[in-house]
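One structure below.
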Number of protein chains: 2
Amino acid sequence: MKLVSLVLVFGAVTAYADAGAVSDRLMGAAMSEGRAYQLAQSLTDGVGPRPSGSEGAARAVKWAVAEMRALGLKNVHTEPVRVPHWIRGAAEAEVVAPARQTLRVVALGPSVPTGADGITADVVVVKGFDELKALGDGARGKIVVFDPPAMRRGKSFDEYGRAVAVRGGGAVAAAKQGAVAVLVRSAGTGAYRLPHTGAMHYDDATAKIPAAALAAEDVDLLARLSGHGHVRVHLVLTPKFDGEVESANVIGEVPGRERANEVVLLGAHLDSWDLATGAIDDAAGCAIVMDAARVIAASGRAPKRTVRVVLFMNEEMGLSGARAYAQAHQKELGKHVAALEVDSGEGRPAGFGVVGAAGVALVKKIAAPLATIGAATVTEASEAGADLSPMGGKVAQLSIDQDLTNYFDWHHTAADTFDKIDPMDLALNTAAVAVVAYGLADAGETLPVVAPLRHGMPLPAPSTQPATMSQPATTR
Amino acid sequence: MKLVSLVLVFGAVTAYADAGAVSDRLMGAAMSEGRAYQLAQSLTDGVGPRPSGSEGAARAVKWAVAEMRALGLKNVHTEPVRVPHWIRGAAEAEVVAPARQTLRVVALGPSVPTGADGITADVVVVKGFDELKALGDGARGKIVVFDPPAMRRGKSFDEYGRAVAVRGGGAVAAAKQGAVAVLVRSAGTGAYRLPHTGAMHYDDATAKIPAAALAAEDVDLLARLSGHGHVRVHLVLTPKFDGEVESANVIGEVPGRERANEVVLLGAHLDSWDLATGAIDDAAGCAIVMDAARVIAASGRAPKRTVRVVLFMNEEMGLSGARAYAQAHQKELGKHVAALEVDSGEGRPAGFGVVGAAGVALVKKIAAPLATIGAATVTEASEAGADLSPMGGKVAQLSIDQDLTNYFDWHHTAADTFDKIDPMDLALNTAAVAVVAYGLADAGETLPVVAPLRHGMPLPAPSTQPATMSQPATTR
């Protein structure tokens, strides 16, 4: 009995010491070299905004290929993705009665335009779909303003999922009742009169009406003014849908030392919204997964399996990069032992969320060296990233659990700029992802495949390219 | 000995009980009736933005007259003020090299325009006037970007004063070295890519070059990019100076019961910047002083002296309302026993700042009933409000000391909207101002007159109307 215990103890100590040696090197390189921070600056300040189909997105593809090679990744290449090219144009909104006041507004993608002269109509403010339905004919000829409960600051994407339901589906629901346009409360937190853009969807059976997001303050204003009488708003949106263009996912690898055909996928998305340089969404994710792969490549001993970095194109406007990857690699998905996406900023990591309770124990074991930096808490998660959704049920998924306190203040706004990235938090994320990716790629066992629940987030039709922009789009 | 003590004690108790009876009524009315909050909503949501010379400002004058009458104030009237009418127009800025990126910019008032096609030039980033001077000919033909130390969040106006020095004087200094335009770091806190507008000044001896404020993030960006090579910016500003127009200060009173010709002045400013509805700057101040006067009028026993509410016009673009008041009332200033301005938002009050140490003891005594709400701390202050500056050295001055934690996040931005006002904090301010105003108007003694130091804030030439907008302007 005593002997068995000793063996167990020594066994444990040996395993720990081995893992420790590698995680020391991974964490040391991530924490001391500042390379992720340089990558993030280069992608934001240097490449700039990179909405799907834009010149910036094309620059980002070239940037990613060059940087992955410079980081020492292998098999660096692009894979084709068809993306929509939607150009924002101007957005103006103004209360014209009872007294003139400018509103802060941004078009949702891919909203149709109002025409250069705009639309002037009375507004009707509703809390959500039920209140809209109850209006019956009362929305006809009006601008419907969705005023759902404000998002609370916090750590969960649930609040965002609820806000996104209105943003995504508001135009179709309002058009069905004869509305001429839809304005939604920005899906976000913060009180700085920033409108938050994002994806919405049309439905080919319903009239396409212009759709935009107002700053939270302006929805509050319209709700208050509506309590005192008629409120009339003038709205001008001049976006343009310029067809589809060819773009690409960018891929690079640290080849495995034993089973190179088995893959741990590290994902992030290369496209951003156009209002800023997409620092937290998702230059941070790109920098984290690229630098995590770099420190693994530089560790001196590749893990058994291949670590593959995939920078997806067009997460924001239809997930066509995610679908293209899942389709192009469908025969290989059985050899993907895990996929991890980093797409919730660069807030300090607390641990990991694993889709399916059965996988928690393995990730906990692998993440043990992260206890000192506070990133060793592993929980069951209901989903692990929009770009992984087309692989749902085929590949085991997990995501890093980050502090989201300020994430939705800046998400999808003009304020998503490089300065929002904290160098130490970015390095802590890189360290945590490197340790877990290495561990999963080197482990004797693998994670069980469990389908994500995807609650709160409308998903696009699986494995179809967005031939038009009329299908549901999703984003996180 | 014992008898004397008892007399003193009873005397104190009696005085306390008297003061208590009135302050109970003042504080009860301010805290329970929500009238200040209604006033603030009506002035922001209802009247809207009210920059000097605009239709909104004209509406605000009518609003103030009607509301003062409805509140039960007496001698409600307007007094004429000449104001500049500067119209913002469009503001666009973009990095054109090394890679295109939109910047968030607002013109400073009263900047000259760039012309519709704008200016394209290399930028040179300097920390302040010394670095600019050291450039010598290096600023010629360039856009000078002022990147002073970022304002720290805090409780003092000192940080703001330092930022304002660059905002106010940057254009003249840069033009003297041949610059074609000036861009300054926004004078504010917060990280939401909000540019903060404000006043700047020209000098008739120097070329007038366009002047604008960038969001802090964008100054950071230009500073980072400049570290890597040439940075070229395209700037379009199309403001228009439309001459001077007639406007007004609005005045209302609670006549004193004994010495009605002696005055305690409660000031705030009725104009706002145009980017939002000026909720914290300075609808809150207007609401606080108006409602403080209302609760004094409704207390059932007017104080000995008159409490006079003065809503100044054009605090933001040259203080012409403040100067007009000081000039029109110059013979009466000797009968102004105190002047208190509320122009730093509606943050929770901590007490009062009195110009001159000699006045602290009296205000401390008067403010004693405010201890429970945390507003009884009285300190010496170096200045008490921009609109009081033309009365400096002639009238004793004080101001309410408010929590400024978030004030400069919103100040002079598009986010200065009604939702920023907390109803309880607004009521606490009203209660505190009412108690101190009543006390000063009813006291046996008066505050000594001490001239404010006005440190950190450039002041306009005293007692001249702004015939052109070329003299130094100030604002808080």
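Letters A, B, ... mark the chains of the structure tokens in the order given; residue numbers begin at 1 per chain; ligand numbers begin at 1, in order shown.
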Mind listing the strand (DSSP E) residues of region 313-475 of chain B, per DSSP on the backbone, as a ChimeraX atom specification? /B:336-341,349-355,377-381,397-402
What lies within 8 Å of Arg308 (chain A) using only C-alpha atoms, ignoring chain neighbours under 4 positions off, as a ChimeraX atom specification? /A:251-255,263-266,293
Would you mind exporting C-alpha atoms of the selected residues as a short mmCIF file (atom, residue, chain, number, x, y, z; two decimals), in the first residue's frame?
data_model
loop_
_atom_site.label_atom_id
_atom_site.label_comp_id
_atom_site.auth_asym_id
_atom_site.auth_seq_id
_atom_site.Cartn_x
_atom_site.Cartn_y
_atom_site.Cartn_z
CA ILE A 251 -2.60 28.77 -42.36
CA GLY A 252 0.74 27.88 -40.81
CA GLU A 253 1.96 24.93 -38.75
CA VAL A 254 4.35 23.53 -36.20
CA PRO A 255 4.61 19.98 -37.61
CA VAL A 263 -3.89 18.38 -35.69
CA VAL A 264 -4.55 20.77 -32.81
CA LEU A 265 -6.13 23.80 -34.48
CA LEU A 266 -5.56 27.30 -33.04
CA ALA A 293 2.72 28.63 -32.27
#
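Neighbouring residues of Arg140 (chain A) at 10 Å or closer, counting only C-alpha atoms and skipping chain neighbours under 5 positions away, are Val124, Leu135, Ala174, Ala175, Lys176, Gln177, Gly178, Ala179 and Val180 of chain A.
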Find the residues of chain A that sit at most 7 Å from chain B; for each, write down the nearest two atoms and how far apart they are in Å, to one decimal. Count only C-alpha atoms. Sort by chain, then by number going up, and give it as JSON lines.
{"residue": "A:Asp45", "atom": "CA", "partner": "B:Leu221", "partner_atom": "CA", "distance": 6.9}
{"residue": "A:Gly46", "atom": "CA", "partner": "B:Ala99", "partner_atom": "CA", "distance": 6.6}
{"residue": "A:Val47", "atom": "CA", "partner": "B:Ala99", "partner_atom": "CA", "distance": 6.8}
{"residue": "A:Gly48", "atom": "CA", "partner": "B:Gln101", "partner_atom": "CA", "distance": 6.3}
{"residue": "A:Ala99", "atom": "CA", "partner": "B:Gly46", "partner_atom": "CA", "distance": 6.6}
{"residue": "A:Gln101", "atom": "CA", "partner": "B:Gly48", "partner_atom": "CA", "distance": 6.3}
{"residue": "A:Tyr192", "atom": "CA", "partner": "B:Ala415", "partner_atom": "CA", "distance": 5.0}
{"residue": "A:Arg193", "atom": "CA", "partner": "B:Ala415", "partner_atom": "CA", "distance": 4.8}
{"residue": "A:Glu217", "atom": "CA", "partner": "B:Asp419", "partner_atom": "CA", "distance": 6.7}
{"residue": "A:Leu221", "atom": "CA", "partner": "B:Asp45", "partner_atom": "CA", "distance": 6.9}
{"residue": "A:Ala414", "atom": "CA", "partner": "B:Arg193", "partner_atom": "CA", "distance": 6.6}
{"residue": "A:Ala415", "atom": "CA", "partner": "B:Arg193", "partner_atom": "CA", "distance": 4.8}
{"residue": "A:Asp419", "atom": "CA", "partner": "B:Glu217", "partner_atom": "CA", "distance": 6.7}
Enumerate, in order of chain and increasing residue number, the residues of region 14-98 of chain B with an atom no farther than 12 Å from region 329-351 of chain B, each with its shortest atom pair and distance in Å to one decimal, counting only C-alpha atoms, as a Markdown table.
| residue | atom | partner | partner_atom | distance |
| --- | --- | --- | --- | --- |
| B:Ala36 | CA | B:Glu346 | CA | 10.9 |
| B:Tyr37 | CA | B:Glu346 | CA | 10.6 |
| B:Ala40 | CA | B:Glu346 | CA | 10.6 |
| B:Glu79 | CA | B:His329 | CA | 10.6 |
Can you tell me which residues surround Lys365 (chain A) at a distance of at most 10 Å, considering only C-alpha atoms, apart from same-chain residues fewer than 3 positions away, and format the answer as a list of chain:residue names? A:Tyr16, A:Val360, A:Ala361, A:Leu362, A:Ala368, A:Pro369, A:Ala376, A:Val378, A:Val436, A:Gly439
Restricting it to N, CA and C atoms, dump the selection as a short mmCIF file (atom, residue, chain, number, x, y, z; two decimals), in the first residue's frame.
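To be explicit, this is the file written out as part_13.cif:
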data_model
loop_
_atom_site.label_atom_id
_atom_site.label_comp_id
_atom_site.auth_asym_id
_atom_site.auth_seq_id
_atom_site.Cartn_x
_atom_site.Cartn_y
_atom_site.Cartn_z
N TYR A 16 4.93 15.76 -13.92
CA TYR A 16 4.88 17.19 -13.63
C TYR A 16 6.19 17.87 -14.04
N VAL A 360 -13.16 18.15 -19.57
CA VAL A 360 -12.64 19.10 -18.59
C VAL A 360 -11.41 18.56 -17.85
N ALA A 361 -11.45 17.27 -17.50
CA ALA A 361 -10.37 16.70 -16.67
C ALA A 361 -9.03 16.77 -17.39
N LEU A 362 -9.02 16.41 -18.67
CA LEU A 362 -7.75 16.42 -19.42
C LEU A 362 -7.18 17.84 -19.51
N ALA A 368 -2.44 22.80 -15.55
CA ALA A 368 -1.94 22.95 -14.17
C ALA A 368 -0.79 23.95 -14.04
N PRO A 369 0.17 23.98 -14.99
CA PRO A 369 1.26 24.97 -14.84
C PRO A 369 0.79 26.42 -14.94
N ALA A 376 -5.75 28.59 -14.69
CA ALA A 376 -5.86 27.13 -14.65
C ALA A 376 -7.27 26.63 -14.37
N VAL A 378 -10.70 25.38 -15.35
CA VAL A 378 -11.28 24.78 -16.56
C VAL A 378 -12.72 24.39 -16.29
N VAL A 436 -1.56 25.02 -23.26
CA VAL A 436 -2.67 24.08 -23.50
C VAL A 436 -2.57 23.45 -24.89
N GLY A 439 0.11 20.88 -24.76
CA GLY A 439 -0.35 19.73 -23.97
C GLY A 439 -1.32 18.85 -24.75
#
